[in-house]
Amino acid sequence: MKENVHLWRSTQSVAMVAKPFNTRKSADYKKISEKENNENVKHDFNQPLARNQNVYKQKTFLDYPQQTTNPQNAEKSTNVLIKKAVSLSVEKNDFVGRSGIGQSHSASGATGGRDFHCLPKTHIVFLKTHKTASSTLLNILYRFGDTRNLTFALPYDQNNQLVYPLYFTASFVKGFTSNTTTKYDIICNHMRFHLPEVKRITPSDSFYFSILRNPVTMMESTFSYYKQIPAFYSAETLDEFLQDPQKYYNESLQENSYARNLLTFDFGFNNNDENNETRINKTIAFIERTFDLILISEYFDESMILLKNALCWSLDDVVSFKLNSRNNKTKTKVSLQTEQKIKEWNSWDWKLYLYFNSTFWRTIDKTVGRKKMNKEVKELRSKRNRLMKMCLKERNSVDPSKIKDESLKPLQYGNSVIQGYNLNLHLDNMTKQWCQKLITPELQYTKLLYDKLFPNQIKKSTPLNRKENWKTYSKKWRGFRSFERQNRNPDSPRSSQ
């Protein structure tokens with residue numbers, strides 16, 4: 001089967017031990033407190049809203065591609081109404097961020113969907129949010145950078161997260177020192193966003209983007225995956241937790257950040273802040289000014305078309321298979337009553353999602369259009385289906401017990417059953433290399449990039465820990481916090497935005 005795909009050098013997949021935290025033996029690291037982060041963005045919080053940033057009242061319809069002519073019926077069917085949010089300034093196009101992105105780029109079958117009138121962007125900041133299909137996006141970025149020998153801001157000491165859940169600091173990037181001027185092409189691993197530190201290691205023309213998910217389905221997934229955190233551990237079901245969240249939730253434990261307003265937390269804001277409307281609106285305004293594009297998980301394929309156009313990439317660059325996805329048997333149907341409780345418990349996340357879901361569709365209308373979007377989505381799905389027939393033995397994902405190659409098994413965590421893939425046995429070497437990259441789980445691909453970028457510091461591989469024990473995790477966390485308190489540099493100058 002002929003496919004217009006990029007092929008790259010063969011590297012053997014190896015297993016990697018999951019290490020949520022590891023101590024760094026350096027005094028370079030400084031802790032960034034919640035208060036300090038808020039001070040760093042205080043100009044956003046304290047300045048008055050612009051004249052054209054008053055209350056934004058518009059119904060948002062989540063049922064794509066249908067558009068209703070009866071707003072009342074649409075409101076009843078979707079139960080979505082943005083009552084108050086910050087609108088974009090008149091001078092700013094929905095699709096124009098700091099990098100000056102404007103019109104969408106034309107799709108061409110001959111070029112795999114790339115326009116000759118623009119150059120592919122290679123400086124990228126991706127805020128990898130939790131449980132939002134971000135692992136699939138990470139694989140896309142890994143493959144793109146890997147084929148072009150771009151540099152990645154990888155976590156120090158072969159971790160898979162950038163000192164999460166603490167605020168991101170440049171000193172926790174592999175190879176970074178306080179006196180270095182190194183800039184990295186791509187940063188895309190989990191971090192708690194802190195703009196001044198991100199700017200220290202990325203080029204000024206970097207393209208910033210992230211992805212959101214409906215907090216209702218997101219929390220159902222989070223409860224299953226992070227069942228062993230203190231907030232969820234004693235509750236038998238999500239309904240039991242939501243019946244009286246404060247009974248189980250201790251906000252002083254930072255491990256519990258997964259249990260409430262996780263999107264807000266990932267973007268660097270206080271997930272336990274009071275439901276202050278003005279502060280929420282200014283949080284939205286900060287995110288909107290900082291990020292060039294916010295994608296929506298429920299419309300992943302449409303998101304990939306927007307991303308392709310914004311970065312001037314091709315369909316081949318954004319085609320993917322689902323990674324880190326759960327078996328349907330571990331998914332729980334959420335009742336309407338539970339849905340409402342989730343929205344109330346995660347009120348900040350819910351408002352972020354409503355607003356950026358609205359800007360997502362306005363961006364499509366202004367840059368691509370619904371008709372062209374439908375066409376490109378069909379092309380993307382057709383390409384994915386052809387690749388699945390070519391690359392995969394079962395032409396779909398399978399449970400971990402059925403994965404033959406141990407090095408391709410994803411990490412199993414919490415109560416979730418994370419699925420993976422088996423390669424087609426009848427592939428030539430070049431095609432096998434390409435297909436294997438598509439299905440390589442996050443931890444293993446991160447290890448491959450470490451070995452490529454730091455060949456003289458390759459560690460002996462060890463079997464992947466299939467079930468991370470929460471007591472071990474907590475022990476690492478307490479040790480890390482103790483080390484950090486002892487070694488942070490109080491004289492380190494604070495960066496400003």
# chains A, B, ... in the order shown; residues from 1 in each chain; ligands from 1

call {"tool": "select_by_dssp", "arguments": {"residues": "region 201-378 of chain A", "states": "strand (DSSP E)", "output": "list in words"}}
result
Phe207, Tyr208, Phe209, Ser210, Ile211, Leu212, Leu293, Ile294, Leu295 and Ile296 of chain A

call {"tool": "select_by_dssp", "arguments": {"residues": "region 238-390 of chain A", "states": "helix (DSSP H, G or I)", "output": "ChimeraX atom specification"}}
result
/A:238-243,245-248,254-259,262-266,277-290,297-311,315-318,328-330,336-345,347-367,370-390

call {"tool": "residues_around", "arguments": {"residues": "Phe267 (chain A)", "least_positions_apart": "2", "cutoff": "8 Å", "atoms": "only C-alpha atoms", "output": "VMD selection string"}}
result
chain A and resid 127 192 to 194 263 to 265 269 287

call {"tool": "write_last_selection", "arguments": {"atoms": "N, CA, C and O atoms", "output": "compact mmCIF listing (two decimals), in the first residue's frame"}}
result
# COMPACT_ATOMS: atom_id res chain seq x y z
N LEU A 127 1.10 22.90 26.03
CA LEU A 127 0.74 22.60 27.42
C LEU A 127 -0.06 21.32 27.42
O LEU A 127 -1.23 21.29 27.03
N ARG A 192 3.12 22.16 35.00
CA ARG A 192 2.19 23.19 35.48
C ARG A 192 2.70 24.51 34.93
O ARG A 192 3.78 24.98 35.29
N PHE A 193 1.91 25.11 34.07
CA PHE A 193 2.37 26.22 33.24
C PHE A 193 2.81 27.43 34.07
O PHE A 193 2.12 27.86 34.99
N HIS A 194 3.99 27.96 33.72
CA HIS A 194 4.50 29.19 34.32
C HIS A 194 5.26 29.93 33.23
O HIS A 194 6.38 29.59 32.89
N LEU A 263 -7.86 21.30 34.84
CA LEU A 263 -7.43 22.15 33.72
C LEU A 263 -6.92 23.49 34.24
O LEU A 263 -5.87 23.98 33.80
N THR A 264 -7.66 24.08 35.16
CA THR A 264 -7.25 25.36 35.76
C THR A 264 -5.89 25.22 36.42
O THR A 264 -5.02 26.10 36.28
N PHE A 265 -5.68 24.11 37.12
CA PHE A 265 -4.41 23.86 37.78
C PHE A 265 -3.28 23.73 36.77
O PHE A 265 -2.20 24.30 36.95
N PHE A 269 -3.09 28.15 37.54
CA PHE A 269 -3.93 28.94 38.44
C PHE A 269 -4.42 28.09 39.61
O PHE A 269 -4.33 26.86 39.59
N ILE A 287 -5.18 33.37 29.39
CA ILE A 287 -4.96 32.20 28.54
C ILE A 287 -5.10 32.57 27.08
O ILE A 287 -4.31 32.16 26.24

call {"tool": "closest_atom_pairs", "arguments": {"of": "region 381-445 of chain A", "to": "region 301-325 of chain A", "cutoff": "10 Å", "atoms": "only C-alpha atoms", "output": "Markdown table"}}
result
| residue | atom | partner | partner_atom | distance |
| --- | --- | --- | --- | --- |
| A:Arg381 | CA | A:Asp301 | CA | 7.8 |
| A:Ser382 | CA | A:Val319 | CA | 9.9 |
| A:Lys383 | CA | A:Val319 | CA | 7.3 |
| A:Arg384 | CA | A:Val319 | CA | 6.2 |
| A:Asn385 | CA | A:Phe321 | CA | 9.5 |
| A:Leu387 | CA | A:Ser320 | CA | 9.0 |
| A:Met388 | CA | A:Phe321 | CA | 8.0 |
| A:Asn396 | CA | A:Phe321 | CA | 9.0 |
| A:Ser397 | CA | A:Lys322 | CA | 8.2 |
| A:Pro410 | CA | A:Asn324 | CA | 6.9 |
| A:Leu411 | CA | A:Asn324 | CA | 8.2 |
| A:Gln412 | CA | A:Asn324 | CA | 9.2 |
| A:Ser416 | CA | A:Ser325 | CA | 9.0 |
| A:Val417 | CA | A:Ser325 | CA | 8.2 |
| A:Ile418 | CA | A:Ser325 | CA | 5.5 |
| A:Gln419 | CA | A:Ser325 | CA | 5.9 |
| A:Gly420 | CA | A:Leu323 | CA | 7.0 |
| A:Tyr421 | CA | A:Leu323 | CA | 9.2 |
| A:Lys437 | CA | A:Ser320 | CA | 9.9 |
| A:Leu438 | CA | A:Ser320 | CA | 6.4 |
| A:Ile439 | CA | A:Phe321 | CA | 6.9 |
| A:Thr440 | CA | A:Leu323 | CA | 8.4 |
| A:Pro441 | CA | A:Leu323 | CA | 6.8 |
| A:Glu442 | CA | A:Leu323 | CA | 8.2 |
